[in-house]
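Structure first, then comments.
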Amino acid sequence: MGSHVPTQRTVTPIEHPALEHAQAWAALGHAGKAEAIARAIPDAGLRAQALISVVAGLAGAGLVDRAEAIARNIAEPDVRARALQGLVQVMVDVGRHDRAAAIAGFIVEQSARPDRPTAVVDPRTVVDI
């Protein structure tokens with residue numbers, strides 16, 4: 001009997017054609033097409049990843065208002081918070097600290113509402129202004 005040596009597990013990004021298409025359309029600035037593809041994904045986890053990627057891709061393409069609108073309209077509170085956190089990071093990266101702070105404030109406000117539970121977010125961990 002040989003001994004079993006545990007192997008280190010690596011996490012690989014999920015690859016899925018719909019996810020990849022949504023990301024590509026977002027990077028090209030095609031918000032409507034990217035969002036429609038992401039929202040049509042039946043698997044909740046994959047849909048969440050796609051929506052978060054679409055928000056980040058649109059923000060990276062300069063469509064910040066559209067990215068924020070999509071993020072704010074995500075029904076699942078935790079996914080909405082994660083998408084908005086990504087948007088905050090993009091805003092910090094491009095030097096738009098005022099916008100980053102406003103979005104971080106919205107995340108905190110939403111987490112404090114008793115009728116809309118969501119992940120608690122400390123804005124100091126989201127953005128350092």
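Chain labels follow the order of the structure tokens: the first chain is A, the next B, and so on; residue numbering restarts at 1 in every chain, and ligands are counted from 1 in their shown order.
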
Excluding Gly45 of chain A and residues on its chain fewer than 4 positions from it, collect all residues at most 12 Å away from it, counting only C-alpha atoms, and give them as a PDB file with all heavy atoms, in the first residue's frame.
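Saved the output as part03.pdb:
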```pdb
ATOM      1  N   ILE A  14     -13.991  29.585 -15.074  1.00  0.00           N
ATOM      2  CA  ILE A  14     -15.019  28.825 -15.775  1.00  0.00           C
ATOM      3  C   ILE A  14     -15.061  29.290 -17.221  1.00  0.00           C
ATOM      4  O   ILE A  14     -15.073  30.484 -17.496  1.00  0.00           O
ATOM      5  CB  ILE A  14     -16.392  29.028 -15.118  1.00  0.00           C
ATOM      6  CG1 ILE A  14     -16.372  28.500 -13.695  1.00  0.00           C
ATOM      7  CG2 ILE A  14     -17.495  28.379 -15.929  1.00  0.00           C
ATOM      8  CD1 ILE A  14     -17.621  28.795 -12.910  1.00  0.00           C
ATOM      9  N   HIS A  16     -17.227  29.043 -20.657  1.00  0.00           N
ATOM     10  CA  HIS A  16     -18.544  28.722 -21.181  1.00  0.00           C
ATOM     11  C   HIS A  16     -18.772  29.649 -22.367  1.00  0.00           C
ATOM     12  O   HIS A  16     -18.488  30.846 -22.268  1.00  0.00           O
ATOM     13  CB  HIS A  16     -19.605  28.927 -20.098  1.00  0.00           C
ATOM     14  CG  HIS A  16     -20.940  28.443 -20.492  1.00  0.00           C
ATOM     15  ND1 HIS A  16     -21.803  29.180 -21.268  1.00  0.00           N
ATOM     16  CD2 HIS A  16     -21.582  27.290 -20.230  1.00  0.00           C
ATOM     17  CE1 HIS A  16     -22.919  28.504 -21.457  1.00  0.00           C
ATOM     18  NE2 HIS A  16     -22.806  27.354 -20.842  1.00  0.00           N
ATOM     19  N   LEU A  19     -20.735  32.851 -21.565  1.00  0.00           N
ATOM     20  CA  LEU A  19     -19.946  33.746 -20.712  1.00  0.00           C
ATOM     21  C   LEU A  19     -18.912  34.480 -21.556  1.00  0.00           C
ATOM     22  O   LEU A  19     -18.755  35.703 -21.454  1.00  0.00           O
ATOM     23  CB  LEU A  19     -19.273  32.956 -19.593  1.00  0.00           C
ATOM     24  CG  LEU A  19     -18.300  33.704 -18.695  1.00  0.00           C
ATOM     25  CD1 LEU A  19     -19.005  34.814 -17.939  1.00  0.00           C
ATOM     26  CD2 LEU A  19     -17.637  32.738 -17.720  1.00  0.00           C
ATOM     27  N   ALA A  38     -25.771  37.596 -20.973  1.00  0.00           N
ATOM     28  CA  ALA A  38     -25.489  37.255 -19.571  1.00  0.00           C
ATOM     29  C   ALA A  38     -26.760  36.871 -18.825  1.00  0.00           C
ATOM     30  O   ALA A  38     -26.793  35.875 -18.103  1.00  0.00           O
ATOM     31  CB  ALA A  38     -24.795  38.427 -18.878  1.00  0.00           C
ATOM     32  N   ARG A  39     -27.810  37.656 -18.997  1.00  0.00           N
ATOM     33  CA  ARG A  39     -29.064  37.393 -18.265  1.00  0.00           C
ATOM     34  C   ARG A  39     -29.771  36.127 -18.751  1.00  0.00           C
ATOM     35  O   ARG A  39     -30.572  35.554 -18.030  1.00  0.00           O
ATOM     36  CB  ARG A  39     -29.990  38.593 -18.351  1.00  0.00           C
ATOM     37  CG  ARG A  39     -29.472  39.786 -17.545  1.00  0.00           C
ATOM     38  CD  ARG A  39     -30.539  40.842 -17.341  1.00  0.00           C
ATOM     39  NE  ARG A  39     -30.020  42.020 -16.692  1.00  0.00           N
ATOM     40  CZ  ARG A  39     -29.864  42.155 -15.376  1.00  0.00           C
ATOM     41  NH1 ARG A  39     -30.187  41.165 -14.569  1.00  0.00           N
ATOM     42  NH2 ARG A  39     -29.390  43.277 -14.862  1.00  0.00           N
ATOM     43  N   ILE A  41     -28.328  33.283 -19.376  1.00  0.00           N
ATOM     44  CA  ILE A  41     -27.641  32.072 -18.919  1.00  0.00           C
ATOM     45  C   ILE A  41     -28.473  31.433 -17.807  1.00  0.00           C
ATOM     46  O   ILE A  41     -28.750  32.084 -16.795  1.00  0.00           O
ATOM     47  CB  ILE A  41     -26.209  32.403 -18.430  1.00  0.00           C
ATOM     48  CG1 ILE A  41     -25.373  32.933 -19.601  1.00  0.00           C
ATOM     49  CG2 ILE A  41     -25.559  31.184 -17.785  1.00  0.00           C
ATOM     50  CD1 ILE A  41     -24.007  33.463 -19.218  1.00  0.00           C
ATOM     51  N   GLN A  49     -21.445  35.318 -12.681  1.00  0.00           N
ATOM     52  CA  GLN A  49     -20.098  35.597 -13.181  1.00  0.00           C
ATOM     53  C   GLN A  49     -20.169  36.420 -14.462  1.00  0.00           C
ATOM     54  O   GLN A  49     -19.388  37.353 -14.656  1.00  0.00           O
ATOM     55  CB  GLN A  49     -19.346  34.290 -13.422  1.00  0.00           C
ATOM     56  CG  GLN A  49     -17.912  34.513 -13.851  1.00  0.00           C
ATOM     57  CD  GLN A  49     -17.150  33.209 -14.038  1.00  0.00           C
ATOM     58  OE1 GLN A  49     -17.639  32.127 -13.727  1.00  0.00           O
ATOM     59  NE2 GLN A  49     -15.952  33.301 -14.573  1.00  0.00           N
ATOM     60  N   ALA A  50     -21.119  36.093 -15.328  1.00  0.00           N
ATOM     61  CA  ALA A  50     -21.254  36.819 -16.594  1.00  0.00           C
ATOM     62  C   ALA A  50     -21.659  38.268 -16.351  1.00  0.00           C
ATOM     63  O   ALA A  50     -21.098  39.182 -16.963  1.00  0.00           O
ATOM     64  CB  ALA A  50     -22.268  36.120 -17.493  1.00  0.00           C
ATOM     65  N   LEU A  51     -22.625  38.489 -15.470  1.00  0.00           N
ATOM     66  CA  LEU A  51     -23.065  39.858 -15.197  1.00  0.00           C
ATOM     67  C   LEU A  51     -21.940  40.688 -14.588  1.00  0.00           C
ATOM     68  O   LEU A  51     -21.749  41.851 -14.952  1.00  0.00           O
ATOM     69  CB  LEU A  51     -24.296  39.854 -14.281  1.00  0.00           C
ATOM     70  CG  LEU A  51     -25.594  39.425 -14.957  1.00  0.00           C
ATOM     71  CD1 LEU A  51     -26.676  39.159 -13.924  1.00  0.00           C
ATOM     72  CD2 LEU A  51     -26.047  40.479 -15.963  1.00  0.00           C
ATOM     73  N   ILE A  52     -21.198  40.102 -13.672  1.00  0.00           N
ATOM     74  CA  ILE A  52     -20.064  40.805 -13.064  1.00  0.00           C
ATOM     75  C   ILE A  52     -19.035  41.148 -14.135  1.00  0.00           C
ATOM     76  O   ILE A  52     -18.506  42.266 -14.174  1.00  0.00           O
ATOM     77  CB  ILE A  52     -19.458  39.959 -11.921  1.00  0.00           C
ATOM     78  CG1 ILE A  52     -20.434  39.890 -10.754  1.00  0.00           C
ATOM     79  CG2 ILE A  52     -18.115  40.517 -11.476  1.00  0.00           C
ATOM     80  CD1 ILE A  52     -20.115  38.828  -9.725  1.00  0.00           C
ATOM     81  N   GLU A  76     -30.011  39.708  -7.523  1.00  0.00           N
ATOM     82  CA  GLU A  76     -29.392  39.013  -6.401  1.00  0.00           C
ATOM     83  C   GLU A  76     -28.471  39.986  -5.663  1.00  0.00           C
ATOM     84  O   GLU A  76     -27.496  40.467  -6.223  1.00  0.00           O
ATOM     85  CB  GLU A  76     -28.593  37.797  -6.872  1.00  0.00           C
ATOM     86  CG  GLU A  76     -29.411  36.758  -7.609  1.00  0.00           C
ATOM     87  CD  GLU A  76     -29.597  37.072  -9.092  1.00  0.00           C
ATOM     88  OE1 GLU A  76     -29.061  38.087  -9.577  1.00  0.00           O
ATOM     89  OE2 GLU A  76     -30.309  36.306  -9.760  1.00  0.00           O
ATOM     90  N   ASP A  78     -26.086  39.804  -3.372  1.00  0.00           N
ATOM     91  CA  ASP A  78     -24.652  39.527  -3.286  1.00  0.00           C
ATOM     92  C   ASP A  78     -23.961  39.727  -4.633  1.00  0.00           C
ATOM     93  O   ASP A  78     -22.840  40.237  -4.697  1.00  0.00           O
ATOM     94  CB  ASP A  78     -24.393  38.110  -2.779  1.00  0.00           C
ATOM     95  CG  ASP A  78     -24.758  37.946  -1.311  1.00  0.00           C
ATOM     96  OD1 ASP A  78     -24.908  38.972  -0.617  1.00  0.00           O
ATOM     97  OD2 ASP A  78     -24.892  36.797  -0.864  1.00  0.00           O
ATOM     98  N   VAL A  79     -24.621  39.325  -5.698  1.00  0.00           N
ATOM     99  CA  VAL A  79     -24.056  39.491  -7.036  1.00  0.00           C
ATOM    100  C   VAL A  79     -24.002  40.980  -7.372  1.00  0.00           C
ATOM    101  O   VAL A  79     -23.010  41.467  -7.923  1.00  0.00           O
ATOM    102  CB  VAL A  79     -24.877  38.715  -8.088  1.00  0.00           C
ATOM    103  CG1 VAL A  79     -24.331  38.951  -9.497  1.00  0.00           C
ATOM    104  CG2 VAL A  79     -24.901  37.234  -7.750  1.00  0.00           C
TER     105      VAL A  79
END
```

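In this comparison, which uses only C-alpha atoms, the residue of A:Val92, A:Ile37, A:Ala59, A:Ala22 approaching Ala104 of chain A most closely is A:Val92.
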
For this session: Identify all residues of segment 4-124 of chain A in helix (DSSP H, G or I) (DSSP on the backbone) and supply them as number ranges by chain.
Result: A: 17-27, 31-39, 44-60, 64-72, 77-93, 97-112, 123-124

Problem set entry | Residue with smallest distance to Pro42 of chain A - pool A:Arg82, A:Leu58, A:Ala18, A:His97, counting only C-alpha atoms | A:Ala18

Problem set entry | Neighbour list for Arg72 of chain A as a PyMOL selection string, cut-off 12 Å, only C-alpha atoms, skip fewer than 2 positions in-chain | chain A and resi 51-52+55+65-70+74-85+87+103-104+106-107+110

What does the file look like for those residues with N, CA and C atoms, as a compact mmCIF listing (two decimals), in the first residue's frame?
```txt
# COMPACT_ATOMS: atom_id res chain seq x y z
N LEU A 51 -22.62 38.49 -15.47
CA LEU A 51 -23.06 39.86 -15.20
C LEU A 51 -21.94 40.69 -14.59
N ILE A 52 -21.20 40.10 -13.67
CA ILE A 52 -20.06 40.80 -13.06
C ILE A 52 -19.03 41.15 -14.14
N VAL A 55 -20.33 44.03 -16.41
CA VAL A 55 -20.19 45.34 -15.75
C VAL A 55 -18.75 45.82 -15.84
N ASP A 65 -21.67 54.67 -16.99
CA ASP A 65 -23.08 54.86 -16.59
C ASP A 65 -23.90 53.61 -16.90
N ARG A 66 -23.69 53.04 -18.07
CA ARG A 66 -24.43 51.82 -18.46
C ARG A 66 -24.03 50.65 -17.57
N ALA A 67 -22.73 50.54 -17.28
CA ALA A 67 -22.25 49.47 -16.40
C ALA A 67 -22.88 49.59 -15.02
N GLU A 68 -22.93 50.80 -14.50
CA GLU A 68 -23.52 51.00 -13.17
C GLU A 68 -25.02 50.69 -13.19
N ALA A 69 -25.71 51.09 -14.25
CA ALA A 69 -27.14 50.80 -14.35
C ALA A 69 -27.40 49.30 -14.36
N ILE A 70 -26.60 48.56 -15.10
CA ILE A 70 -26.76 47.10 -15.14
C ILE A 70 -26.48 46.52 -13.76
N ILE A 74 -29.16 44.27 -10.91
CA ILE A 74 -28.99 42.84 -10.67
C ILE A 74 -29.84 42.47 -9.47
N ALA A 75 -30.70 41.50 -9.62
CA ALA A 75 -31.66 41.15 -8.58
C ALA A 75 -31.03 40.53 -7.34
N GLU A 76 -30.01 39.71 -7.52
CA GLU A 76 -29.39 39.01 -6.40
C GLU A 76 -28.47 39.99 -5.66
N PRO A 77 -28.77 40.28 -4.38
CA PRO A 77 -28.00 41.29 -3.64
C PRO A 77 -26.50 41.04 -3.58
N ASP A 78 -26.09 39.80 -3.37
CA ASP A 78 -24.65 39.53 -3.29
C ASP A 78 -23.96 39.73 -4.63
N VAL A 79 -24.62 39.32 -5.70
CA VAL A 79 -24.06 39.49 -7.04
C VAL A 79 -24.00 40.98 -7.37
N ARG A 80 -25.07 41.71 -7.03
CA ARG A 80 -25.09 43.16 -7.26
C ARG A 80 -23.91 43.82 -6.54
N ALA A 81 -23.69 43.45 -5.28
CA ALA A 81 -22.60 44.03 -4.50
C ALA A 81 -21.25 43.72 -5.14
N ARG A 82 -21.07 42.48 -5.60
CA ARG A 82 -19.79 42.10 -6.23
C ARG A 82 -19.57 42.85 -7.54
N ALA A 83 -20.63 43.02 -8.33
CA ALA A 83 -20.50 43.76 -9.58
C ALA A 83 -20.15 45.22 -9.30
N LEU A 84 -20.80 45.79 -8.30
CA LEU A 84 -20.52 47.19 -7.95
C LEU A 84 -19.12 47.34 -7.37
N GLN A 85 -18.66 46.34 -6.61
CA GLN A 85 -17.29 46.39 -6.09
C GLN A 85 -16.28 46.42 -7.23
N LEU A 87 -16.84 47.59 -10.18
CA LEU A 87 -16.96 48.90 -10.78
C LEU A 87 -16.20 49.94 -9.96
N ILE A 103 -20.29 55.07 -5.46
CA ILE A 103 -20.75 53.69 -5.68
C ILE A 103 -20.55 52.86 -4.42
N ALA A 104 -19.40 53.04 -3.76
CA ALA A 104 -19.15 52.32 -2.50
C ALA A 104 -20.20 52.71 -1.46
N PHE A 106 -23.26 53.56 -2.07
CA PHE A 106 -24.50 52.88 -2.44
C PHE A 106 -24.47 51.43 -1.97
N ILE A 107 -23.32 50.78 -2.11
CA ILE A 107 -23.20 49.39 -1.66
C ILE A 107 -23.47 49.30 -0.16
N GLN A 110 -27.18 49.90 0.61
CA GLN A 110 -28.00 48.73 0.29
C GLN A 110 -27.83 47.62 1.33
```

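Across A:Ala26, A:Ala112, A:Ala44, A:Ala101, the tightest approach to Ala56 of chain A is made by A:Ala26 when counting only C-alpha atoms.
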